[in-house]
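Visitor: Here it is, the structure in full.
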Amino acid sequence: MRRLLLELRRVLSTPSRNPRMAVVLGRLLGIAFLVCFGTGLYSHFLQEPLPWMVFPTRPQTLYQLSQGIHITAGIACFPLILAKLYVVFPELFQTPPIKNFVGFLERASIAIFVASSLVQIVTGLLNTYQWYPFPFPFKQTHFALSFVIIGSLAIHIAVKLPVISRYWTRSRSFDADGNLLLDDEDLPLTTADVAAELAETTAEPVGPISRRVDGLTGRLFDWIDSAPPRIETPKQAKVSRRGFVATVGVATAAVVALTAGQSFRVLDAINVFGPRKNFVGPNDLPINRTAKAAKVTDADTGADWALSVSRGAVVKTYTRADLESMTLHSVDLPIACVEGWSQMASWRGVRLRDLLDAVGAHPDEDLRLTSLEKSGGYRVTEMGHEFAQDELTLVALELNGDPLNMDHGFPARMIAPGRPGVLQTKWLSKLEVI
Ligand SMILES: Nc1nc2c(c(=O)[nH]1)N[C@H]1C(S)=C(S)[C@@H](COP(=O)(O)O)O[C@H]1N2
Ligand SMILES: [Mo]
């Protein structure tokens with residue numbers, strides 16, 4: 001068995017598979033994961049705030065920026081993780097498989113780390129396409145896994161600290177001619193190394209397993225011990241270090257450039273993989289959930305519709321005509337979806353603060369919003385007083401110069417600075433001061 005593992009590691013060694021490369025990639029991945037974790041927590045708590053939390057409402061594009069970064073960094077993880085796995089996977093075949101307790105911790109944390117990261121980025125990507133072919137709820141799983149990832153990452157970094165510091169700087173990793181200065185134990189295996197290691201092995205007593213196990217399994221172990229497979233080194237040239245770095249760099253730049261346009265306007269023209277295309281849709285804005293999907297009908301939004309605003313026993317109702325006759329304000333605010341796409345838009349409507357003043361709301365009182373839609377996780381949501389009192393927060397009636405389209409929340413929708421799209425409630429029916 002030992003022969004097999006040694007042979008495998010020898011065959012798999014190639015210039016890009018070295019600890020310096022693992023550290024360089026690890027650093028980039030570490031940054032990407034921390035950025036995703038930070039922006040992810042921000043998005044999470046905006047949607048499910050702890051009671052004491054108050055959020056900034058400026059800049060208006062704060063959430064657009066933070067969530068755009070979240071999705072973009074997540075997408076950049078794909079080529080980076082694949083590259084890192086490519087570099088380190090021969091370590092799977094280390095001999096002996098587990099050296100000691102720290103070695104066990106190291107392998108266990110890596111197994112958890114790799115598995116949870118892969119699930120995290122794949123389901124995250126699928127979520128940007130609103131495709132859920134898996135049997136668990138996305139939001140809760142994504143949130144829980146992020147802690148598993150950060151926890152196992154911390155263990156991984158702690159265990160690997162000696163290697164990380166050894167190969168952290170360029171100057172300590174390379175000599176003047178650009179050759180990697182490898183520690184003896186980090187040397188990629190050569191045929192001679194394998195031979196030397198095997199010479200030690202034969203001095204050891206014959207593995208007890210092959211002695212004790214009869215039948216087919218015993219014969220299999222006998223075969224492995226007696227006839228080491230001769231794996232020939234493939235003839236083709238091995239990937240050079242430079243070639244590898246260039247490939248990973250180009251792949252990462254490409255996936256970022258071709259999707260980041262969904263969140264960052266400068267790249268809009270080459271946004272080919274982002275699921276949403278900007279400026280496409282009624283009112284020149286993409287739709288995430290149509291009125292039909294939300295089961296909001298013309299009957300719900302017709303002449304009988306009125307918005308009720310209440311604080312305890314004080315209740316006021318406004319028809320669409322009532323709202324149109326109030327002082328209207330124009331603001332530019334983005335729709336910034338948790339799924340990553342975002343777009344700036346011009347809104348016109350009644351300042352929410354004016355409606356709240358009319359029922360005697362205090363500046364520190366929060367708000368509960370109810371939509372006309374019959375079901376859905378965001379039918380009823382809450383808005384903190386910092387958003388409710390902000391002068392930019394509108395009950396919007398118009399979008400990009402025209403009355404709100406039915407799919408954008410006609411007769412009236414909420415639009416506030418710095419909040420996730422899911423909380424920009426469409427088809428408003430009730431506002432309650434709480
Ligand atoms: N009532 C209600 N409002 C809603 C939604 C919804 O499903 N129901 N979807 C939200 C989501 S996820 C986003 S991203 C924005 C999208 O707004 P748009 O369709 O007008 O572009 O509306 C939000 N408002
Ligand atoms: Mo959204």
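All residue names refer to the structure tokens as shown: chains lettered A, B, ... in order, residues numbered from 1 in each chain, ligands numbered from 1 in order.
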What does the list of residues within 7 Å of ligand 1 look like if you count only C-alpha atoms and all ligand atoms, written as a PDB file with C-alpha atoms, in the first residue's frame?
Guide:
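Heads up, here's the output in pocket.pdb:
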ATOM      1  CA  LEU A 285     -35.855  47.298 -15.059  1.00  0.00           C
ATOM      2  CA  PRO A 286     -35.593  43.507 -14.705  1.00  0.00           C
ATOM      3  CA  ILE A 287     -38.279  41.724 -12.676  1.00  0.00           C
ATOM      4  CA  ASN A 288     -37.470  39.167 -10.069  1.00  0.00           C
ATOM      5  CA  ARG A 289     -40.953  37.910  -9.237  1.00  0.00           C
ATOM      6  CA  THR A 290     -43.890  38.805 -11.450  1.00  0.00           C
ATOM      7  CA  ALA A 294     -46.993  36.308  -6.562  1.00  0.00           C
ATOM      8  CA  ILE A 335     -32.772  47.608  -6.701  1.00  0.00           C
ATOM      9  CA  ALA A 336     -30.044  45.351  -5.351  1.00  0.00           C
ATOM     10  CA  CYS A 337     -31.113  41.750  -5.215  1.00  0.00           C
ATOM     11  CA  VAL A 338     -29.590  39.299  -2.720  1.00  0.00           C
ATOM     12  CA  SER A 371     -47.926  43.033   0.668  1.00  0.00           C
ATOM     13  CA  LEU A 372     -51.033  42.071  -1.294  1.00  0.00           C
ATOM     14  CA  GLU A 373     -49.408  38.800  -2.292  1.00  0.00           C
ATOM     15  CA  GLY A 376     -44.185  34.073   0.158  1.00  0.00           C
ATOM     16  CA  TYR A 378     -41.415  38.312   2.284  1.00  0.00           C
ATOM     17  CA  ARG A 379     -45.168  39.002   2.326  1.00  0.00           C
ATOM     18  CA  ASP A 407     -44.759  43.542 -12.121  1.00  0.00           C
ATOM     19  CA  HIS A 408     -42.829  46.279 -10.335  1.00  0.00           C
ATOM     20  CA  GLY A 409     -45.409  46.540  -7.569  1.00  0.00           C
ATOM     21  CA  GLY A 421     -34.193  43.821  -2.978  1.00  0.00           C
ATOM     22  CA  VAL A 422     -36.274  41.318  -1.040  1.00  0.00           C
ATOM     23  CA  LEU A 423     -37.198  44.071   1.403  1.00  0.00           C
ATOM     24  CA  GLN A 424     -38.258  46.555  -1.307  1.00  0.00           C
ATOM     25  CA  THR A 425     -41.829  45.360  -0.923  1.00  0.00           C
ATOM     26  CA  LYS A 426     -44.035  45.419  -4.016  1.00  0.00           C
ATOM     27  CA  TRP A 427     -47.857  45.622  -4.069  1.00  0.00           C
ATOM     28  CA  LEU A 428     -48.058  47.310  -0.663  1.00  0.00           C
TER      29      LEU A 428
END
Visitor: Skip Val350 (chain A) itself and residues of its chain fewer than 4 positions away, then list as a count of residues only all residues within 10 Å of it, counting only C-alpha atoms.
Guide: 18
Visitor: Rank nothing, just name the residue among A:Arg368, A:Phe78, A:Gly377, A:Ser13 nearest to ligand 2, using only C-alpha atoms and all ligand atoms.
Guide: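 Of the candidates, the smallest distance to ligand 2 is held by A:Gly377.
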Visitor: Name the residues in contact with Asp390 (chain A) at a cut-off of 8 Å, using only C-alpha atoms, excluding same-chain residues fewer than 4 positions from it; report them as a list in words.
Guide: Thr57, Arg353, Glu386 and Ala416 of chain A
Visitor: Using only C-alpha atoms and all ligand atoms, which of A:Asn283, A:Thr128, A:Gln120, A:Ser109 sits nearest ligand 2?
Guide: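 Using only C-alpha atoms and all ligand atoms, the shortest distance to ligand 2 belongs to A:Thr128.
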Visitor: Do you have the CA of Thr72 (chain A)-CA of Val245 (chain A) distance handy?
Guide: 20.2 Å
Visitor: For ligand 2, which of A:Pro96, A:Val88, A:Arg20, A:Gln64 is the closest residue, counting only C-alpha atoms and all ligand atoms?
Guide: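 The answer is A:Gln64, which sits nearest to ligand 2.
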Visitor: Using backbone DSSP assignments, extract all helix (DSSP H, G or I) residues from region 356-426 of chain A; output them as an NGL selection string.
Guide: :A and (356-358 or 385-388 or 406-408 or 421-423)
Visitor: Any chance you can output those residues with N, CA and C atoms as a PDB file, in the first residue's frame?
Guide:
ATOM      1  N   LEU A 356     -45.972  58.464   7.916  1.00  0.00           N
ATOM      2  CA  LEU A 356     -45.830  58.065   9.325  1.00  0.00           C
ATOM      3  C   LEU A 356     -46.153  59.230  10.252  1.00  0.00           C
ATOM      4  N   ASP A 357     -45.729  60.443   9.857  1.00  0.00           N
ATOM      5  CA  ASP A 357     -46.056  61.625  10.663  1.00  0.00           C
ATOM      6  C   ASP A 357     -47.565  61.772  10.807  1.00  0.00           C
ATOM      7  N   ALA A 358     -48.281  61.447   9.739  1.00  0.00           N
ATOM      8  CA  ALA A 358     -49.735  61.639   9.734  1.00  0.00           C
ATOM      9  C   ALA A 358     -50.448  60.743  10.747  1.00  0.00           C
ATOM     10  N   HIS A 385     -36.376  51.849  12.126  1.00  0.00           N
ATOM     11  CA  HIS A 385     -36.722  53.281  12.091  1.00  0.00           C
ATOM     12  C   HIS A 385     -35.727  54.093  11.285  1.00  0.00           C
ATOM     13  N   GLU A 386     -34.436  53.609  11.229  1.00  0.00           N
ATOM     14  CA  GLU A 386     -33.450  54.388  10.478  1.00  0.00           C
ATOM     15  C   GLU A 386     -33.798  54.449   8.998  1.00  0.00           C
ATOM     16  N   PHE A 387     -34.410  53.396   8.490  1.00  0.00           N
ATOM     17  CA  PHE A 387     -34.847  53.412   7.083  1.00  0.00           C
ATOM     18  C   PHE A 387     -36.199  54.119   6.944  1.00  0.00           C
ATOM     19  N   ALA A 388     -37.096  53.859   7.907  1.00  0.00           N
ATOM     20  CA  ALA A 388     -38.445  54.429   7.818  1.00  0.00           C
ATOM     21  C   ALA A 388     -38.399  55.959   7.854  1.00  0.00           C
ATOM     22  N   MET A 406     -47.301  46.748 -13.262  1.00  0.00           N
ATOM     23  CA  MET A 406     -47.868  45.745 -12.341  1.00  0.00           C
ATOM     24  C   MET A 406     -46.758  44.857 -11.751  1.00  0.00           C
ATOM     25  N   ASP A 407     -45.815  44.444 -12.596  1.00  0.00           N
ATOM     26  CA  ASP A 407     -44.759  43.542 -12.121  1.00  0.00           C
ATOM     27  C   ASP A 407     -43.731  44.236 -11.227  1.00  0.00           C
ATOM     28  N   HIS A 408     -43.748  45.565 -11.228  1.00  0.00           N
ATOM     29  CA  HIS A 408     -42.829  46.279 -10.335  1.00  0.00           C
ATOM     30  C   HIS A 408     -43.534  46.753  -9.073  1.00  0.00           C
ATOM     31  N   GLY A 421     -32.999  43.838  -2.133  1.00  0.00           N
ATOM     32  CA  GLY A 421     -34.193  43.821  -2.978  1.00  0.00           C
ATOM     33  C   GLY A 421     -35.398  43.154  -2.337  1.00  0.00           C
ATOM     34  N   VAL A 422     -35.152  42.060  -1.643  1.00  0.00           N
ATOM     35  CA  VAL A 422     -36.274  41.318  -1.040  1.00  0.00           C
ATOM     36  C   VAL A 422     -37.094  42.173  -0.076  1.00  0.00           C
ATOM     37  N   LEU A 423     -36.474  43.230   0.446  1.00  0.00           N
ATOM     38  CA  LEU A 423     -37.198  44.071   1.403  1.00  0.00           C
ATOM     39  C   LEU A 423     -37.806  45.311   0.744  1.00  0.00           C
TER      40      LEU A 423
END
Visitor: Quote the spacing between CA of Gly40 (chain A) and CA of Gly384 (chain A) in Å to one decimal place.
Guide: 19.3 Å
Visitor: So, counting only C-alpha atoms and all ligand atoms, which residue among A:Phe174, A:Trp341, A:Tyr86, A:Phe138 is closest to ligand 2?
Guide: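 With only C-alpha atoms and all ligand atoms as the atom set, the closest residue is A:Trp341.
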Visitor: Hey, what's within 8 Å of Thr123 (chain A) if we count only C-alpha atoms and toss same-chain stuff fewer than 3 positions away? As a list of chain:residue names, please?
Guide: A:Val119, A:Gln120, A:Leu126, A:Asn127, A:Tyr132, A:Phe138, A:His142
Visitor: Report as a ChimeraX atom specification all protein, DNA and RNA residues lying within 6 Å of region 2-10 of chain A, evaluated on only C-alpha atoms, omitting residues in the same chain fewer than 6 positions from it.
Guide: /A:90,93,189-190
Visitor: Using only C-alpha atoms, find the one residue out of A:Gly218, A:Gly38, A:Gly124, A:Gly103 that sits nearest to Phe147 (chain A).
Guide: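 Answer, going by the shortest atom-to-atom distance: A:Gly38.
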Visitor: List as a list in words the protein and nucleic acid residues near Val239 (chain A), meaning an atom at most 8 Å away when only C-alpha atoms are counted, but skip any in the same chain fewer than 4 places from it.
Guide: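 The neighbour list is Thr14, Pro15, Ser16, Gly243 and Phe244 of chain A.
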Visitor: The selected residues should be written to file as a PDB file, in the first residue's frame (atoms: N, CA and C atoms).
Guide:
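What ended up in selection.pdb:
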ATOM      1  N   THR A  14       4.695  17.911 -10.084  1.00  0.00           N
ATOM      2  CA  THR A  14       4.842  18.789 -11.241  1.00  0.00           C
ATOM      3  C   THR A  14       5.203  20.170 -10.688  1.00  0.00           C
ATOM      4  N   PRO A  15       5.864  21.034 -11.488  1.00  0.00           N
ATOM      5  CA  PRO A  15       6.394  22.271 -10.916  1.00  0.00           C
ATOM      6  C   PRO A  15       5.377  23.129 -10.160  1.00  0.00           C
ATOM      7  N   SER A  16       4.114  23.139 -10.640  1.00  0.00           N
ATOM      8  CA  SER A  16       3.147  24.006  -9.962  1.00  0.00           C
ATOM      9  C   SER A  16       2.647  23.405  -8.648  1.00  0.00           C
ATOM     10  N   GLY A 243       2.995  28.874 -16.467  1.00  0.00           N
ATOM     11  CA  GLY A 243       1.810  28.519 -17.247  1.00  0.00           C
ATOM     12  C   GLY A 243       0.614  28.320 -16.333  1.00  0.00           C
ATOM     13  N   PHE A 244       0.868  27.687 -15.202  1.00  0.00           N
ATOM     14  CA  PHE A 244      -0.215  27.421 -14.256  1.00  0.00           C
ATOM     15  C   PHE A 244      -0.775  28.720 -13.694  1.00  0.00           C
TER      16      PHE A 244
END
Visitor: Using Å and a single decimal, report how far CA of Pro411 (chain A) sits from CA of Asp364 (chain A).
Guide: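 Answer for the CA of Asp364 (chain A) to CA of Pro411 (chain A) separation: 27.7 Å.
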Visitor: Out of A:Gly340, A:Val255, A:Ser165, A:Gly26, which residue has the shortest atom-to-atom distance to ligand 2 when counting only C-alpha atoms and all ligand atoms?
Guide: A:Gly340
Visitor: Would you pick out the contacts of Leu25 (chain A) at 7 Å or less, using only C-alpha atoms, so that residues sharing its chain but fewer than 3 positions from it are not included, and give the list as a list in words?
Guide: Met21, Ala22, Leu28, Leu29, Leu80 and Lys84 of chain A
